[in-house]
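Written out below as C-alpha cells is the structure these notes cover.
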Amino acid sequence: MTINSVAIIGLGLLGGSIGLAAREYAPEITTIGYDTDPDVREAARKRGLAGTICDTAKDAVKSADLVIFCVPVGAIAQAAADCADALPKDAIISDVGSSKQSVVDGLQAALPHHHVIPAHPVAGTEQSGPQAGFPTLFQGRWCILTPPPAADKAKVDALSEFWTKLGSRIEIMDPQHHDLVLAVTSHIPHLIAFTIVGTASDLEDVTRGEVIKYSAGGFRDFTRIAASDPVMWRDVFLENKGAVLEMLGRFTEDLTALQRAIRSGDGDTLFELFDRTRSIRRRIIEEGQDDERPDFGRDH
C-alpha cells in the first residue's frame, strides 16, 4: 500500500508539525487538515499547515489513505465516530496520543470495520496551538506503533514508511507495554513537574514573586514541562490511569527510601543514586534522544 493523501484532524503542535513535515520531506503526499476551532483553521491556512484546510471533518477524510487524529486522547473516539460514515473503508486510521490501550479500544469501538493502527510520535514541546508546529519536530525521534494483533501488515508497513519519511525512527510495541513505559518516561515526570510548580506557588512563607524571581535551573526546567497543554495532560492521566498509578506507587516507595536516607544522614545511599542517575543522562544524549543545547538544538 502507498499513502498518497493524509487527513490531519486537529491542527495544534503535532498536527501542524505533521503537515509541515510532510510538505518538507514528503511533498508527493497530499495533506488535508481540519480543526473544530474556526480560528485555528484560519491560522492553519495562513501558515500552510496542510495543502487544503476543510471546514468539516467529513470533507477532510473522505478521500484520505491515512487519517491521523491529533486531538486529546479523551476525544479521539468521538472525533472518529463523528466522521465514521465519510471514512474510506481502506484508509488507515491512526493518532498521535501518549496513551495507547484506551485509544485502541476507543477507535476499534467507534470504527469496528476500519483499519486501526494507533501511533505515538515521542516528540513535542511545551507549546501548543497552530503556531507551535515546525517541520523538524520528528527528526531522529521515535514513533511507536501499536497495531492490533490482526492488523494488516501492508498497512502497518505503509504507516511506518510515512513516519520514516517525516524523520522518525520506528518501534512496534504492545499498547499495554507502551503505556507502562510512557508512564515512567513521560507521564510521571509531567505529574511531578505539575506538582512541584503548584507546591512552590502555594507556599505561604514566600511570595509567588520570589519563586519566579529566584528560580534556579532545576525549577525552571520543571516550569517548562508544567507549561504543557492542560487539556492534553488531563486526558492522558485519566486514560492511562492504571499504568500511571502503578508507576506512581513505585515512585512513592523510592521517594520514601530517599527521605529515610536524608533523615538518617546516609550519604552513601544518596551518592549512589545521584551517580547512577547522572549516567542515565549521559546515555540519553549518546542515544541521540537529547542534545546539550536547548530544545535538541533545533531552530524553529
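Residues are named by chain letter and number: chains run A, B, ... in the order of the C-alpha cells, numbers start at 1 in each chain, and ligands are numbered from 1 in the order shown.
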Name the residues in contact with A:Trp233 at a cut-off of 9 Å, using only C-alpha atoms, excluding same-chain residues fewer than 2 positions from it; report them as a list in words. Pro72, His187, His190, Leu191, Ser228, Asp229, Pro230, Val231, Asp235, Val236, Phe237 and Leu238 of chain A
Close residues, stretch 87-94 of chain A itself excluded, 7 Å, only C-alpha atoms, min 3 positions apart in chain, as a ChimeraX atom specification: /A:61-69,83-84,114-119,155
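Going from atom CA of A:Gln108 over to atom CA of A:Val156, you cover 15.8 Å.
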Where in stretch 59-244 of chain A does DSSP assign strand (DSSP E), given as an MDAnalysis selection string? chainID A and resid 66:69 92:95 115:116 119:121 142:145 169:172
Helix (DSSP H, G or I) residues, from DSSP on the backbone, in stretch 58-213 of chain A, as a ChimeraX atom specification: /A:58-61,73-82,84-86,101-110,153-165,175-202,208-213
How about saving the chosen residues, C-alpha atoms kept, as a PDB file, in the first residue's frame?
ATOM      1  CA  LYS A  58     -16.037  14.631   6.813  1.00  0.00           C
ATOM      2  CA  ASP A  59     -14.738  16.698   3.905  1.00  0.00           C
ATOM      3  CA  ALA A  60     -11.195  16.286   5.206  1.00  0.00           C
ATOM      4  CA  VAL A  61     -11.270  12.487   5.471  1.00  0.00           C
ATOM      5  CA  VAL A  73      -6.796  11.154  23.783  1.00  0.00           C
ATOM      6  CA  GLY A  74     -10.113  11.531  25.588  1.00  0.00           C
ATOM      7  CA  ALA A  75     -11.665  13.000  22.427  1.00  0.00           C
ATOM      8  CA  ILE A  76     -10.264  10.609  19.801  1.00  0.00           C
ATOM      9  CA  ALA A  77     -13.084   8.045  19.814  1.00  0.00           C
ATOM     10  CA  GLN A  78     -15.776  10.706  19.469  1.00  0.00           C
ATOM     11  CA  ALA A  79     -13.844  12.512  16.743  1.00  0.00           C
ATOM     12  CA  ALA A  80     -13.624   9.235  14.844  1.00  0.00           C
ATOM     13  CA  ALA A  81     -17.317   8.472  15.335  1.00  0.00           C
ATOM     14  CA  ASP A  82     -18.271  11.939  14.074  1.00  0.00           C
ATOM     15  CA  ALA A  84     -17.176   7.475  10.507  1.00  0.00           C
ATOM     16  CA  ASP A  85     -19.589   7.423   7.573  1.00  0.00           C
ATOM     17  CA  ALA A  86     -17.205   9.512   5.448  1.00  0.00           C
ATOM     18  CA  GLN A 101      -4.616   0.981  25.139  1.00  0.00           C
ATOM     19  CA  SER A 102      -7.557   3.353  25.599  1.00  0.00           C
ATOM     20  CA  VAL A 103      -7.067   4.647  22.055  1.00  0.00           C
ATOM     21  CA  VAL A 104      -7.023   1.116  20.611  1.00  0.00           C
ATOM     22  CA  ASP A 105     -10.222   0.286  22.491  1.00  0.00           C
ATOM     23  CA  GLY A 106     -11.941   3.575  21.632  1.00  0.00           C
ATOM     24  CA  LEU A 107     -11.103   3.569  17.932  1.00  0.00           C
ATOM     25  CA  GLN A 108     -11.987  -0.092  17.442  1.00  0.00           C
ATOM     26  CA  ALA A 109     -15.346   0.504  19.135  1.00  0.00           C
ATOM     27  CA  ALA A 110     -16.055   3.605  17.052  1.00  0.00           C
ATOM     28  CA  LYS A 153       0.916  -5.952   7.702  1.00  0.00           C
ATOM     29  CA  ALA A 154       0.947  -3.965   4.463  1.00  0.00           C
ATOM     30  CA  LYS A 155      -0.826  -1.110   6.206  1.00  0.00           C
ATOM     31  CA  VAL A 156       1.499  -1.256   9.217  1.00  0.00           C
ATOM     32  CA  ASP A 157       4.421  -1.082   6.792  1.00  0.00           C
ATOM     33  CA  ALA A 158       2.858   1.869   4.962  1.00  0.00           C
ATOM     34  CA  LEU A 159       2.332   3.777   8.208  1.00  0.00           C
ATOM     35  CA  SER A 160       5.908   3.013   9.246  1.00  0.00           C
ATOM     36  CA  GLU A 161       7.156   4.336   5.916  1.00  0.00           C
ATOM     37  CA  PHE A 162       5.114   7.528   6.336  1.00  0.00           C
ATOM     38  CA  TRP A 163       6.634   8.297   9.734  1.00  0.00           C
ATOM     39  CA  THR A 164      10.085   7.375   8.482  1.00  0.00           C
ATOM     40  CA  LYS A 165       9.720   9.969   5.721  1.00  0.00           C
ATOM     41  CA  PRO A 175      -0.223  -0.994  23.688  1.00  0.00           C
ATOM     42  CA  GLN A 176      -0.230  -2.059  27.350  1.00  0.00           C
ATOM     43  CA  HIS A 177       3.569  -2.217  27.405  1.00  0.00           C
ATOM     44  CA  HIS A 178       3.711   1.189  25.728  1.00  0.00           C
ATOM     45  CA  ASP A 179       1.518   2.657  28.451  1.00  0.00           C
ATOM     46  CA  LEU A 180       3.789   1.331  31.210  1.00  0.00           C
ATOM     47  CA  VAL A 181       6.942   2.605  29.506  1.00  0.00           C
ATOM     48  CA  LEU A 182       5.487   6.056  28.854  1.00  0.00           C
ATOM     49  CA  ALA A 183       4.101   6.247  32.382  1.00  0.00           C
ATOM     50  CA  VAL A 184       7.730   6.148  33.581  1.00  0.00           C
ATOM     51  CA  THR A 185       9.402   8.233  30.885  1.00  0.00           C
ATOM     52  CA  SER A 186       6.738  10.887  30.308  1.00  0.00           C
ATOM     53  CA  HIS A 187       3.588  10.801  32.401  1.00  0.00           C
ATOM     54  CA  ILE A 188       5.088  10.592  35.908  1.00  0.00           C
ATOM     55  CA  PRO A 189       7.720  13.291  35.124  1.00  0.00           C
ATOM     56  CA  HIS A 190       4.937  15.597  33.985  1.00  0.00           C
ATOM     57  CA  LEU A 191       2.892  14.816  37.085  1.00  0.00           C
ATOM     58  CA  ILE A 192       5.916  15.615  39.283  1.00  0.00           C
ATOM     59  CA  ALA A 193       6.511  18.867  37.418  1.00  0.00           C
ATOM     60  CA  PHE A 194       2.893  19.955  37.771  1.00  0.00           C
ATOM     61  CA  THR A 195       3.035  19.134  41.489  1.00  0.00           C
ATOM     62  CA  ILE A 196       6.346  20.867  42.257  1.00  0.00           C
ATOM     63  CA  VAL A 197       5.399  24.063  40.433  1.00  0.00           C
ATOM     64  CA  GLY A 198       1.997  24.060  42.109  1.00  0.00           C
ATOM     65  CA  THR A 199       3.549  23.493  45.542  1.00  0.00           C
ATOM     66  CA  ALA A 200       6.021  26.341  45.018  1.00  0.00           C
ATOM     67  CA  SER A 201       3.252  28.731  44.050  1.00  0.00           C
ATOM     68  CA  ASP A 202       1.233  27.770  47.155  1.00  0.00           C
ATOM     69  CA  ARG A 208       4.959  33.933  44.292  1.00  0.00           C
ATOM     70  CA  GLY A 209       7.114  36.802  43.047  1.00  0.00           C
ATOM     71  CA  GLU A 210      10.110  35.415  44.932  1.00  0.00           C
ATOM     72  CA  VAL A 211       9.557  31.959  43.488  1.00  0.00           C
ATOM     73  CA  ILE A 212       9.669  33.457  39.994  1.00  0.00           C
ATOM     74  CA  LYS A 213      12.492  35.923  40.682  1.00  0.00           C
TER      75      LYS A 213
END
Who sits within 9 Å of A:Glu28, only C-alpha atoms, same chain under 5 positions skipped, as a PyMOL selection string: chain A and resi 4-5+22-23
Atomic separation - atom CA of A:Asp55 relative to atom CA of A:Thr136, Å: 27.0 Å
For A:Leu13, find every residue with an atom within 12 Å (counting only C-alpha atoms), except residues of its own chain fewer than 3 positions away, and show them as a compact mmCIF listing (two decimals) with all heavy atoms, in the first residue's frame.
# COMPACT_ATOMS: atom_id res chain seq x y z
N ILE A 8 -5.39 15.24 8.42
CA ILE A 8 -4.91 15.56 9.77
C ILE A 8 -6.05 16.23 10.52
O ILE A 8 -6.47 17.34 10.18
CB ILE A 8 -3.69 16.49 9.71
CG1 ILE A 8 -2.60 15.90 8.82
CG2 ILE A 8 -3.17 16.77 11.12
CD1 ILE A 8 -1.53 16.91 8.42
N ILE A 9 -6.57 15.54 11.53
CA ILE A 9 -7.70 16.07 12.30
C ILE A 9 -7.17 16.63 13.62
O ILE A 9 -6.78 15.88 14.51
CB ILE A 9 -8.75 14.98 12.57
CG1 ILE A 9 -9.16 14.30 11.26
CG2 ILE A 9 -9.96 15.57 13.28
CD1 ILE A 9 -9.74 15.21 10.22
N GLY A 10 -7.14 17.96 13.73
CA GLY A 10 -6.53 18.62 14.87
C GLY A 10 -5.23 19.26 14.43
O GLY A 10 -4.30 18.56 14.02
N GLY A 16 -0.05 20.21 13.24
CA GLY A 16 0.61 21.20 12.40
C GLY A 16 1.99 20.75 11.97
O GLY A 16 2.40 20.95 10.82
N SER A 17 2.73 20.14 12.88
CA SER A 17 4.08 19.66 12.55
C SER A 17 4.04 18.53 11.53
O SER A 17 4.92 18.44 10.66
CB SER A 17 4.81 19.20 13.82
OG SER A 17 5.05 20.29 14.69
N ILE A 18 3.03 17.67 11.61
CA ILE A 18 2.89 16.61 10.61
C ILE A 18 2.69 17.22 9.23
O ILE A 18 3.33 16.82 8.24
CB ILE A 18 1.71 15.67 10.96
CG1 ILE A 18 2.04 14.83 12.20
CG2 ILE A 18 1.37 14.76 9.78
CD1 ILE A 18 0.87 14.04 12.73
N GLY A 19 1.80 18.21 9.14
CA GLY A 19 1.57 18.86 7.86
C GLY A 19 2.81 19.55 7.31
O GLY A 19 3.13 19.43 6.12
N LEU A 20 3.52 20.27 8.18
CA LEU A 20 4.73 20.97 7.74
C LEU A 20 5.84 19.99 7.36
O LEU A 20 6.58 20.21 6.40
CB LEU A 20 5.20 21.92 8.84
CG LEU A 20 4.28 23.11 9.13
CD1 LEU A 20 4.77 23.85 10.38
CD2 LEU A 20 4.20 24.05 7.95
N ALA A 21 5.96 18.90 8.14
CA ALA A 21 6.99 17.90 7.85
C ALA A 21 6.69 17.18 6.54
O ALA A 21 7.60 16.89 5.74
CB ALA A 21 7.09 16.90 8.99
N VAL A 40 -8.50 28.41 14.59
CA VAL A 40 -7.35 27.54 14.31
C VAL A 40 -7.29 27.22 12.82
O VAL A 40 -6.21 27.21 12.21
CB VAL A 40 -7.41 26.25 15.16
CG1 VAL A 40 -6.34 25.26 14.70
CG2 VAL A 40 -7.24 26.57 16.64
N ALA A 44 -4.23 28.02 10.44
CA ALA A 44 -3.62 26.93 9.69
C ALA A 44 -3.52 27.27 8.20
O ALA A 44 -2.53 26.92 7.54
CB ALA A 44 -4.41 25.64 9.89
N LEU A 49 -0.38 24.83 7.09
CA LEU A 49 -0.17 23.60 7.85
C LEU A 49 -0.63 22.36 7.08
O LEU A 49 -0.24 21.24 7.43
CB LEU A 49 -0.90 23.67 9.19
CG LEU A 49 -0.43 24.77 10.15
CD1 LEU A 49 -1.13 24.65 11.50
CD2 LEU A 49 1.09 24.73 10.34
N CYS A 70 -5.25 14.06 15.73
CA CYS A 70 -4.29 14.79 16.56
C CYS A 70 -5.05 15.63 17.59
O CYS A 70 -4.89 16.86 17.65
CB CYS A 70 -3.38 15.66 15.70
SG CYS A 70 -2.50 14.76 14.42
N VAL A 71 -5.89 14.97 18.34
CA VAL A 71 -6.72 15.60 19.36
C VAL A 71 -6.41 14.94 20.69
O VAL A 71 -5.80 13.86 20.73
CB VAL A 71 -8.22 15.49 19.01
CG1 VAL A 71 -8.52 16.15 17.68
CG2 VAL A 71 -8.67 14.03 18.98
N PRO A 72 -6.80 15.55 21.84
CA PRO A 72 -6.57 14.90 23.13
C PRO A 72 -7.12 13.48 23.15
O PRO A 72 -8.17 13.20 22.55
CB PRO A 72 -7.31 15.82 24.11
CG PRO A 72 -7.26 17.16 23.47
CD PRO A 72 -7.40 16.90 21.99
N VAL A 96 -1.93 10.28 17.44
CA VAL A 96 -0.61 10.66 17.97
C VAL A 96 -0.62 10.67 19.49
O VAL A 96 0.24 11.27 20.12
CB VAL A 96 -0.17 12.04 17.44
CG1 VAL A 96 0.06 12.00 15.94
CG2 VAL A 96 -1.19 13.13 17.81
N PRO A 121 4.15 9.42 18.18
CA PRO A 121 5.45 10.05 17.96
C PRO A 121 5.95 10.65 19.28
O PRO A 121 5.31 11.54 19.84
CB PRO A 121 5.14 11.15 16.93
CG PRO A 121 3.68 11.45 17.11
CD PRO A 121 3.04 10.17 17.56
N ALA A 123 7.65 12.92 20.60
CA ALA A 123 8.25 14.20 20.27
C ALA A 123 7.26 15.29 20.67
O ALA A 123 6.06 15.06 20.70
CB ALA A 123 8.54 14.30 18.77
N GLY A 124 7.78 16.45 20.98
CA GLY A 124 6.89 17.54 21.33
C GLY A 124 7.64 18.62 22.08
O GLY A 124 8.83 18.49 22.39
N THR A 125 6.94 19.68 22.36
CA THR A 125 7.45 20.76 23.19
C THR A 125 6.33 21.14 24.16
O THR A 125 5.23 20.58 24.10
CB THR A 125 7.85 21.99 22.36
OG1 THR A 125 6.65 22.66 21.91
CG2 THR A 125 8.70 21.61 21.17
N GLU A 126 6.60 22.11 25.01
CA GLU A 126 5.55 22.57 25.93
C GLU A 126 4.57 23.50 25.25
O GLU A 126 3.56 23.89 25.84
CB GLU A 126 6.19 23.27 27.15
CG GLU A 126 6.78 24.64 26.88
CD GLU A 126 8.20 24.57 26.32
OE1 GLU A 126 8.63 23.47 25.89
OE2 GLU A 126 8.87 25.62 26.31
N GLN A 127 4.84 23.87 23.99
CA GLN A 127 3.97 24.79 23.26
C GLN A 127 2.77 24.04 22.68
O GLN A 127 2.82 22.83 22.46
CB GLN A 127 4.75 25.48 22.15
CG GLN A 127 6.00 26.21 22.62
CD GLN A 127 5.72 27.30 23.63
OE1 GLN A 127 4.71 28.01 23.50
NE2 GLN A 127 6.57 27.44 24.62
N SER A 128 1.72 24.78 22.37
CA SER A 128 0.54 24.18 21.76
C SER A 128 -0.10 25.18 20.81
O SER A 128 0.25 26.37 20.82
CB SER A 128 -0.47 23.73 22.83
OG SER A 128 -0.89 24.84 23.61
N GLY A 129 -1.00 24.70 19.98
CA GLY A 129 -1.71 25.58 19.06
C GLY A 129 -1.11 25.58 17.67
O GLY A 129 -0.02 25.03 17.43
N PRO A 130 -1.79 26.21 16.70
CA PRO A 130 -1.37 26.15 15.30
C PRO A 130 -0.07 26.88 15.01
O PRO A 130 0.55 26.64 13.97
CB PRO A 130 -2.54 26.81 14.56
CG PRO A 130 -3.17 27.73 15.58
CD PRO A 130 -3.03 27.00 16.88
N GLN A 131 0.36 27.78 15.90
CA GLN A 131 1.62 28.48 15.70
C GLN A 131 2.82 27.69 16.22
O GLN A 131 3.97 28.08 16.00
CB GLN A 131 1.59 29.86 16.40
CG GLN A 131 0.45 30.76 15.95
CD GLN A 131 0.47 31.07 14.47
OE1 GLN A 131 1.53 31.10 13.84
NE2 GLN A 131 -0.69 31.29 13.89
N ALA A 132 2.56 26.58 16.92
CA ALA A 132 3.64 25.86 17.61
C ALA A 132 4.37 24.85 16.74
O ALA A 132 5.49 24.46 17.03
CB ALA A 132 3.07 25.14 18.84
N GLY A 133 3.74 24.41 15.64
CA GLY A 133 4.33 23.34 14.85
C GLY A 133 5.54 23.77 14.05
O GLY A 133 5.69 24.94 13.67
N PHE A 134 6.44 22.80 13.76
CA PHE A 134 7.59 23.05 12.91
C PHE A 134 8.01 21.73 12.27
O PHE A 134 7.81 20.66 12.84
CB PHE A 134 8.75 23.70 13.68
CG PHE A 134 9.20 22.97 14.92
CD1 PHE A 134 10.31 22.14 14.89
CD2 PHE A 134 8.52 23.13 16.12
CE1 PHE A 134 10.73 21.47 16.05
CE2 PHE A 134 8.93 22.48 17.28
CZ PHE A 134 10.05 21.64 17.24
N PRO A 135 8.58 21.78 11.06
CA PRO A 135 8.76 20.56 10.27
C PRO A 135 9.79 19.58 10.79
O PRO A 135 9.74 18.40 10.45
CB PRO A 135 9.17 21.09 8.89
CG PRO A 135 9.70 22.46 9.13
CD PRO A 135 8.92 23.00 10.30
N THR A 136 10.73 20.02 11.61
CA THR A 136 11.79 19.12 12.08
C THR A 136 11.45 18.45 13.41
O THR A 136 12.31 17.78 13.99
CB THR A 136 13.12 19.89 12.23
OG1 THR A 136 12.94 20.98 13.15
CG2 THR A 136 13.59 20.43 10.89
N LEU A 137 10.24 18.59 13.89
CA LEU A 137 9.87 18.07 15.21
C LEU A 137 10.17 16.58 15.34
O LEU A 137 10.59 16.11 16.41
CB LEU A 137 8.38 18.31 15.48
CG LEU A 137 7.85 17.78 16.81
CD1 LEU A 137 8.53 18.47 17.99
CD2 LEU A 137 6.33 17.96 16.90
N PHE A 138 9.99 15.81 14.28
CA PHE A 138 10.09 14.35 14.37
C PHE A 138 11.45 13.81 13.96
O PHE A 138 11.67 12.60 14.01
CB PHE A 138 9.00 13.71 13.49
CG PHE A 138 7.63 14.28 13.74
CD1 PHE A 138 7.02 15.09 12.79
CD2 PHE A 138 6.98 14.04 14.94
CE1 PHE A 138 5.77 15.63 13.03
CE2 PHE A 138 5.72 14.59 15.18
CZ PHE A 138 5.12 15.38 14.23
N SER A 228 2.90 22.64 29.75
CA SER A 228 2.31 21.85 28.67
C SER A 228 0.79 21.97 28.67
O SER A 228 0.17 22.34 29.68
CB SER A 228 2.72 20.38 28.82
OG SER A 228 4.12 20.24 28.75
N ASP A 229 0.19 21.61 27.55
CA ASP A 229 -1.25 21.75 27.33
C ASP A 229 -2.06 21.04 28.43
O ASP A 229 -2.01 19.81 28.55
CB ASP A 229 -1.59 21.14 25.97
CG ASP A 229 -3.04 21.32 25.58
OD1 ASP A 229 -3.84 21.77 26.42
OD2 ASP A 229 -3.39 21.00 24.43
N MET A 232 -4.65 18.27 27.14
CA MET A 232 -4.00 17.05 26.70
C MET A 232 -3.56 16.20 27.89
O MET A 232 -3.81 14.99 27.94
CB MET A 232 -2.78 17.38 25.83
CG MET A 232 -2.06 16.15 25.31
SD MET A 232 -0.51 16.54 24.48
CE MET A 232 0.59 16.77 25.87
